[in-house]
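As C-alpha cells, the structure follows; a few thoughts come after it.
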Amino acid sequence: MSGEIKVRRVSSGKRSRDGQRSHLTPARKRTSGSAQQCPGSTGEIELSRAMMTQSLHGKFNEQYCSDTEDLFGDYDSILADSSFLAKLDGAEENAKQNDIHSATRTKCPVVQKYDNIDFTSLKSSTDNCPKRSCDDSMTDSILEGLGDDSLIDIPSSQLAFQQDILQTAENNCCTDEDITSTPVRHPEKSFSVENRNESHITHKARKSISDHLKRTMMGNATAPSSVSRTAVQEAAIVTKEINVAMEAMKAVSVETTDLGPFFGLPTKVKELIRNLKGINDLYEWQNTCLNLDSVQQRRNLIYSLPTSGGKTLVAEILILKELLCRNKDALFILPYISLVQEKVRGLASFGVELDFMVEEYAGSKGRFPPVKRRGKRSLYIATIEKAHSLVNSLIEANRLDNVGLVVVDELHMLGDGSRGAIIEMTLAKVIYVSNLTQIIGMSATLGNVQDLQRFLKAENYTNDFRPIELKEYVKLKDSIYEVTPKEEECFRFSRLLNFKYSSAMQNIDQDHIVALVTEVIPRQSCLVFCPTKKNCENVAAMICKYLTKEFLQHKLAEKATLLGELKNSGNGSLCPVLRKTVPYGLAYHHSGLTSEERKLVEEAYSSGVLCLLTCTSTLAAGINLPARRVILRSPYVAADFLKRSQYKQMVGRAGRAGIDTHGESILIIQDKDKELAKKLVSAPMEICKSNLMYDNGKGVLSLILSLIGLNITNSLQQVMDFMRGTLLSVQEKQLCLERSLWEVTQDCVEQLKQKGLVTEAAKPKEGGLQVTNLGRATYKGSVDLTYCEVLYRDLSKGLECLMLGSFLHLVYLVTPYDMVSQFKPDWMVYFRQFTMLSDVEQKMCAAVGVPESLIARKAAGQNMKKKNPLICIVVVPPTRMWTWWG
C-alpha cells in the first residue's frame, strides 16, 4: 500500500537497509546497485530522485523488526557513524578556501562541489522575493539537500531539526542580502572591503547553521522520546532518597533518630499513605516505636498495644523500608484468609506505585517455591499454614536469606493449639537458618512477654495508647452494668433498657438485641458477634422482622446496587438471608461467604450502606471494620467460653477513629455465667504457652521430620541443638514435667523410625539421619502423622484394584480421616443402603474391608473384636451422604 510502512516481527538480528539510500547515508552503506556516479566527481555517489520515489512507494517500504530491535538501524545515534558530519565539516572548510576564488567570479549561477555533498546554486527567485539575490545559493543548496524527499532515511529523532531548518529558510526569504550564506558577489559589484566583510558574515551564518545542526542532532539522539520531564524528575528524586536512606542504614548509630525524609523512606511513601489511607500524621507512640534503636539496628522486636491503636501501620512502614531501602523480600503472616485478602488489597496500590510485587498465599493461592524475580522484590502475605510451607520451600531452595523481614500479626496465637505449633515451627526455623532475617511480632494481648522475648531474642515495646475511649458494659436481663475491673463487684449498675416488647417479640428476642441495635442504627454502625455461623444468619433475619419501614428508605439506591452486585457475583443467585436483610441495611459476615461476597459486604459497611453486621469471632482478628457499638451475643465461641484475649479483640472493634469520640461494647450474659464473666473482664491476659507438645507431642514429631527432610539437621545432636531454640525449650520446666526435652526429642526420633519416615544413613559419610520417601511425602503434603501410615496403606490398596464402575471407590480414597469423630452412625440405615448398592459397588466395599456380613453384624448390635477405622463415605442419589464404620 502506497505511503504505509508494514512492520512484521522477526528475529532480533539487524536487517539490510540497502533499499533506502540518500546522499545523507553513510558512505559504507551505499551500494552501486542503488546509486549512480555524479559526473565530474569520481567516487561521489548520489541517489537519484527516481530511486527515492521508488523507495517510498515500492517494495523497499517493507521493513521487519523484532521487539528488541531498533527501528532506526544505524541512524539511531550520530555518535555511531559520523560520516555525515565529517562531510559537512569538509564542505565548510573547502568553502572557506574557495571564498576568495568565488569572489572573483562575475556570473551566477555557480556550481561548487565539496567532497561528497553538492552545493548547487538555485535559479534566482527575485520574482518571489525582491530582496533575495543569487548570493543565497549556498544556503538554498543546503536546505534543498535537507528537504522532505532527501530526508526519507533520516530517523524520526532528527526530523524535528528538519522542521526548524525549513522554518528558518522561510523566515530568511525576506531578509537583507548582507546576511546571505555565500561569498559570491553580484556581477555589478567590484571586489572591495565591503564584499570581504560580507564574505566573513556569510561564513559565520553558514557556520552557525552547521553548529546548530550538530547540537540539535546530538540532543535528539540522546533525549528520551516517551517519558515526560516531570516523571523523570520524580523518579530521580525517589531514587536519590532511597540511596540516601540505604547509605544511612549502613552507617547507623545510636544518635541517629531519623534516617531519611520519612523514617528512612522517600517522601513519596508518606504521600501514598496520605492519599491511600487518609493518614496525615502518625501517633506519638508510632514515631517513638519507629525510632527505637532495635528498629534502626534491625534487631527483633515485639510490640503490643490495645486494638485499634495503629500497630499495623508501623509494620507496613517497616515492610516498605525492607523492600525499598534494603532491597530484600518480606513475609507478612496473618491468622485468617479474610485478613490476608484485605491486606493484599490494601498494599497492592503501594506495590504498583513503588514497584514491588504483592503475592497472596492463602487458600489455594501461592506457589512453592515462589517465583524468583530479577530486579524486583516481593511481599508475601500469607496465612499461618501457608507461611510455614513457604518458609520450608525457601529453605529447601537455599533462598531464605532473600527474606529480610518476617512480620507476625496476632503473635499471641502461639498459644492457640495446633496453629500455635505451626507458628512456633516457622519462627524457630527462620531464627536457626537465617541470621540476616529480622522478626517483628505484634499483638494486642500478651501475658508472658518475657518468654516470647527469650524465644525470639527480641526486645519489647508496650504502650496503652488507644485513640478512642472504650466503655465496656454487661447486660444481665433488662439491666445494663458498666464494667469496673478495679472494683470488687466488677459490675456497676448503669441503666435499664427502655424498649416496649410484645409477648411474642419477647419470646423470640429474649436477649433484647433489637432494643440494643436500634439505639445506634441506622445513623451509626453496629457489630453483633455470634457464637456460630448459623446464629449469625438467624440473628440478622430476626432483627429485620422488627425494624420499621424507615430503615428501607435509608440509602435505598445504594442498597439496590449492592443487591445487584451480590447477585452478579453469585452468577444470578443470591442468598435468601441477604436478599431479605440487605434492604434494611443488615448483613452477616462469616467464612461461608465467597471472597467476592465478603469484599462487597465489607465495602458496603465501610461506606455506610450497611449499618449492622452479624459476625463470628474471626472478624475481630484485625479486619478494619470498626463500629460505634459492639454487642457480644454470648460469652461463648461455639461451645467454649471466651478467653480473655478473644474478648479483648472483639470489644476492641468499638470506636471509629476520626468519627466517634468513644466506643461501646455490651456483653450479654445469663445468671449462670455471671461469675465466669467477672473473671473474664478482670483477669489478666492468658499466658502464651508452646503447643509443640499439643495432642501427645504431635507438633514435635512434625517439626523433627521436616528438619531432617530439609537437611537442616542430620543427627540427633543437631536436632537437640535446634530444639533448644524453641519456645518449648524456654518453657521446659512448665511443659515437660514427666520427661526432659532431651528425652522427648529422643523418643520422637525413635517414633519416626518406627513409622518408616526416618532412617539411619547406610554410610556414615552421608549423615546420621535421612528422611524416607514416605516421610518426604508426609511433611511436604502436610499430612497428619497419625494418619500417614493408614493413608499410604489405603492408597496402595486402591492401586491394586481401582474400580471405576462408580464413584464409590474414589469417594473412599478422598475421605478425610478426621471426620470420624463427627458421626454417630445408625447401622440399620447403613444396612438398608448397602442392599441397594449395585454388585460392582458391593464388591468394592468387600475389597476395602467392609463385606455384607460386617454390616449385618453391626446392624444386629453385635460387638466386633477388632475396630476398623473409617471405611468410606457413600453418596446415595440424589443428595444423601452416609458414613460407614467398622
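Chains: A, B, ... in order of the C-alpha cells. Residues: from 1 per chain. Ligands: from 1, in order shown.
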
Who sits within 9 Å of Leu612 of chain A, only C-alpha atoms, same chain under 5 positions skipped, as a list in words: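 Selected residues are Val517, Ile521, Pro522, Gln524, Ser525, Cys526, Leu527, Val528, Ala540, Gly585, Leu586, Ala587, Tyr588, Tyr605 and Ala627 of chain A.
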
Can you pull out the residues contacting Val577 of chain A? Cut-off 7 Å, using only C-alpha atoms, and skip same-chain residues under 3 positions away; I want them as a list in words.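 In the requested form, the answer reads Glu537, Ala541, Lys580 and Thr581 of chain A.
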
Writer output for current selection, N, CA, C and O atoms, as a short mmCIF file (atom, residue, chain, number, x, y, z; two decimals), in the first residue's frame:
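Once everything was written out, this is result-v5.cif:
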```cif
data_model
loop_
_atom_site.label_atom_id
_atom_site.label_comp_id
_atom_site.auth_asym_id
_atom_site.auth_seq_id
_atom_site.Cartn_x
_atom_site.Cartn_y
_atom_site.Cartn_z
N GLU A 537 -26.68 -15.75 60.78
CA GLU A 537 -27.75 -15.60 59.80
C GLU A 537 -29.11 -15.48 60.49
O GLU A 537 -29.95 -14.66 60.10
N ALA A 541 -31.68 -12.16 60.37
CA ALA A 541 -33.06 -12.29 59.88
C ALA A 541 -34.06 -11.90 60.96
O ALA A 541 -35.09 -11.27 60.68
N LYS A 580 -33.14 -10.71 52.04
CA LYS A 580 -34.09 -10.16 53.00
C LYS A 580 -33.50 -9.06 53.87
O LYS A 580 -34.18 -8.08 54.18
N THR A 581 -32.22 -9.20 54.24
CA THR A 581 -31.64 -8.28 55.21
C THR A 581 -31.00 -7.04 54.60
O THR A 581 -31.04 -5.97 55.21
#
```

Let's see if you can do this: from backbone DSSP, list all helix (DSSP H, G or I) residues in segment 333-492 of chain A, as a VMD selection string. chain A and resid 337 to 354 384 to 396 400 to 402 411 to 415 417 to 433 449 to 456

Taking 5 positions as the minimum chain separation for residues in the same chain, which residues sit within 10 Å of segment 471-480 of chain A when counting only C-alpha atoms? Answer as number ranges by chain. A: 491-499, 510-512, 516, 629-632, 651-652, 654-655, 662-671, 673-674, 677-678, 681

Name the closest residue to Asn291 of chain A among the candidates A:Tyr461, A:Thr307, A:Cys748, A:Leu808; distances are taken between atoms, counting only C-alpha atoms. A:Tyr461

Counting only C-alpha atoms, what is within 12 Å of Cys736 of chain A, bar same-chain residues fewer than 5 positions away, as a compact mmCIF listing (two decimals) with N, CA, C and O atoms, in the first residue's frame?
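Output file selection-v2.txt is given in full below:
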```
# COMPACT_ATOMS: atom_id res chain seq x y z
N LYS A 689 1.56 -20.28 75.87
CA LYS A 689 2.38 -21.48 76.05
C LYS A 689 2.66 -22.16 74.72
O LYS A 689 1.86 -22.09 73.78
N SER A 690 3.80 -22.84 74.67
CA SER A 690 4.16 -23.61 73.48
C SER A 690 3.18 -24.74 73.27
O SER A 690 2.72 -25.38 74.22
N ASN A 691 2.88 -25.01 72.00
CA ASN A 691 1.95 -26.08 71.66
C ASN A 691 2.62 -27.21 70.88
O ASN A 691 1.94 -27.99 70.22
N LEU A 692 3.94 -27.29 70.94
CA LEU A 692 4.61 -28.40 70.27
C LEU A 692 4.26 -29.74 70.92
O LEU A 692 4.31 -30.79 70.26
N MET A 693 3.91 -29.70 72.20
CA MET A 693 3.51 -30.93 72.89
C MET A 693 2.02 -31.18 72.81
O MET A 693 1.49 -32.12 73.43
N TYR A 694 1.32 -30.36 72.04
CA TYR A 694 -0.13 -30.50 71.89
C TYR A 694 -0.48 -31.84 71.24
O TYR A 694 0.18 -32.29 70.31
N ASN A 696 -0.34 -35.06 72.44
CA ASN A 696 0.68 -36.10 72.63
C ASN A 696 1.96 -35.85 71.84
O ASN A 696 2.59 -36.78 71.31
N GLY A 697 2.35 -34.61 71.74
CA GLY A 697 3.62 -34.28 71.10
C GLY A 697 3.61 -34.37 69.59
O GLY A 697 4.68 -34.53 68.97
N LEU A 728 9.27 -24.09 73.38
CA LEU A 728 9.14 -25.25 74.26
C LEU A 728 10.36 -25.36 75.18
O LEU A 728 10.22 -25.72 76.36
N SER A 729 11.53 -25.06 74.66
CA SER A 729 12.73 -25.11 75.49
C SER A 729 12.69 -24.02 76.56
O SER A 729 13.10 -24.25 77.71
N VAL A 730 12.18 -22.84 76.20
CA VAL A 730 12.07 -21.75 77.17
C VAL A 730 11.13 -22.14 78.30
O VAL A 730 11.37 -21.81 79.48
N GLN A 731 10.06 -22.86 77.97
CA GLN A 731 9.05 -23.24 78.95
C GLN A 731 9.16 -24.72 79.35
O GLN A 731 8.17 -25.35 79.73
N LEU A 741 13.33 -32.34 77.89
CA LEU A 741 13.27 -32.06 76.45
C LEU A 741 14.17 -33.01 75.67
O LEU A 741 13.84 -33.42 74.55
N TRP A 742 15.30 -33.36 76.22
CA TRP A 742 16.20 -34.31 75.56
C TRP A 742 15.54 -35.66 75.40
O TRP A 742 15.62 -36.28 74.32
N GLU A 743 14.84 -36.12 76.42
CA GLU A 743 14.15 -37.41 76.34
C GLU A 743 12.99 -37.35 75.34
O GLU A 743 12.75 -38.31 74.60
N VAL A 744 12.29 -36.24 75.34
CA VAL A 744 11.20 -36.08 74.37
C VAL A 744 11.74 -36.13 72.95
O VAL A 744 11.17 -36.78 72.06
N THR A 745 12.87 -35.48 72.71
CA THR A 745 13.47 -35.48 71.37
C THR A 745 13.90 -36.87 70.96
O THR A 745 13.65 -37.30 69.82
```

Near-Cys575 of chain A list (10 Å; only C-alpha atoms; drop same-chain fewer than 4 positions) as a list of chain:residue names: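 My list of contacting residues is A:Leu566, A:Lys567, A:Gly570, A:Arg579, A:Lys580, A:Leu593.
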
What is the atom CA of Arg633 of chain A to atom CA of Thr532 of chain A distance in Å?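 Those two atoms sit 10.3 Å apart.
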
Selected residue of minimal separation from Leu331 of chain A among A:Val371, A:Ile384, A:Leu354, A:Leu411, counting only C-alpha atoms: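 Smallest separation from Leu331 of chain A among the options: A:Ile384.
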
With only C-alpha atoms as the counted atoms, please give the residues lying no more than 9 Å from Ser393 of chain A, apart from itself and same-chain residues fewer than 4 positions off, as a ChimeraX atom specification. /A:368-370,388-389,397-400,710

Suppose we keep N, CA, C and O atoms; can you now write the selection as an mmCIF file, in the first residue's frame?
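Contents of out_3.cif, freshly written:
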```cif
data_model
loop_
_atom_site.group_PDB
_atom_site.id
_atom_site.type_symbol
_atom_site.label_atom_id
_atom_site.label_comp_id
_atom_site.auth_asym_id
_atom_site.auth_seq_id
_atom_site.Cartn_x
_atom_site.Cartn_y
_atom_site.Cartn_z
ATOM 1 N N PHE A 368 5.086 -22.675 45.424
ATOM 2 C CA PHE A 368 6.216 -23.115 46.258
ATOM 3 C C PHE A 368 7.279 -23.792 45.384
ATOM 4 O O PHE A 368 6.960 -24.771 44.705
ATOM 5 N N PRO A 369 8.516 -23.327 45.423
ATOM 6 C CA PRO A 369 8.939 -22.048 45.999
ATOM 7 C C PRO A 369 8.440 -20.895 45.155
ATOM 8 O O PRO A 369 8.056 -21.097 43.999
ATOM 9 N N PRO A 370 8.416 -19.692 45.685
ATOM 10 C CA PRO A 370 7.916 -18.558 44.902
ATOM 11 C C PRO A 370 8.808 -18.267 43.706
ATOM 12 O O PRO A 370 9.970 -18.673 43.664
ATOM 13 N N HIS A 388 4.242 -21.334 56.751
ATOM 14 C CA HIS A 388 5.129 -22.436 57.114
ATOM 15 C C HIS A 388 5.605 -23.178 55.868
ATOM 16 O O HIS A 388 6.802 -23.480 55.719
ATOM 17 N N SER A 389 4.688 -23.458 54.956
ATOM 18 C CA SER A 389 5.071 -24.131 53.710
ATOM 19 C C SER A 389 5.995 -23.265 52.878
ATOM 20 O O SER A 389 6.935 -23.764 52.236
ATOM 21 N N ALA A 397 15.279 -24.408 48.852
ATOM 22 C CA ALA A 397 15.898 -23.792 47.679
ATOM 23 C C ALA A 397 17.069 -22.882 48.046
ATOM 24 O O ALA A 397 17.609 -22.192 47.171
ATOM 25 N N ASN A 398 17.472 -22.867 49.330
ATOM 26 C CA ASN A 398 18.572 -22.012 49.808
ATOM 27 C C ASN A 398 18.327 -20.537 49.500
ATOM 28 O O ASN A 398 19.231 -19.800 49.100
ATOM 29 N N ARG A 399 17.093 -20.079 49.685
ATOM 30 C CA ARG A 399 16.734 -18.698 49.374
ATOM 31 C C ARG A 399 16.144 -17.959 50.575
ATOM 32 O O ARG A 399 15.611 -16.855 50.412
ATOM 33 N N LEU A 400 16.240 -18.531 51.763
ATOM 34 C CA LEU A 400 15.635 -17.869 52.914
ATOM 35 C C LEU A 400 16.330 -16.547 53.229
ATOM 36 O O LEU A 400 15.694 -15.617 53.754
ATOM 37 N N LEU A 710 14.468 -31.342 55.331
ATOM 38 C CA LEU A 710 15.007 -30.129 54.723
ATOM 39 C C LEU A 710 16.516 -30.006 54.879
ATOM 40 O O LEU A 710 17.095 -28.985 54.515
#
```

Mind pulling up the distance from atom CA of Ile439 of chain A to atom CA of Glu271 of chain A?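 That distance, rounded to one decimal, is 26.8 Å.
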
From A:Trp285, A:Ile273, A:Ala515, A:Ile855, residue lying nearest Phe350 of chain A [only C-alpha atoms]: A:Ile273

Can you work out which one of A:Thr713, A:Ser617, A:Asn624, A:Thr786 has the shortest atom-to-atom distance to Pro531 of chain A, counting only C-alpha atoms?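 The answer is A:Ser617, which sits nearest to Pro531 of chain A.
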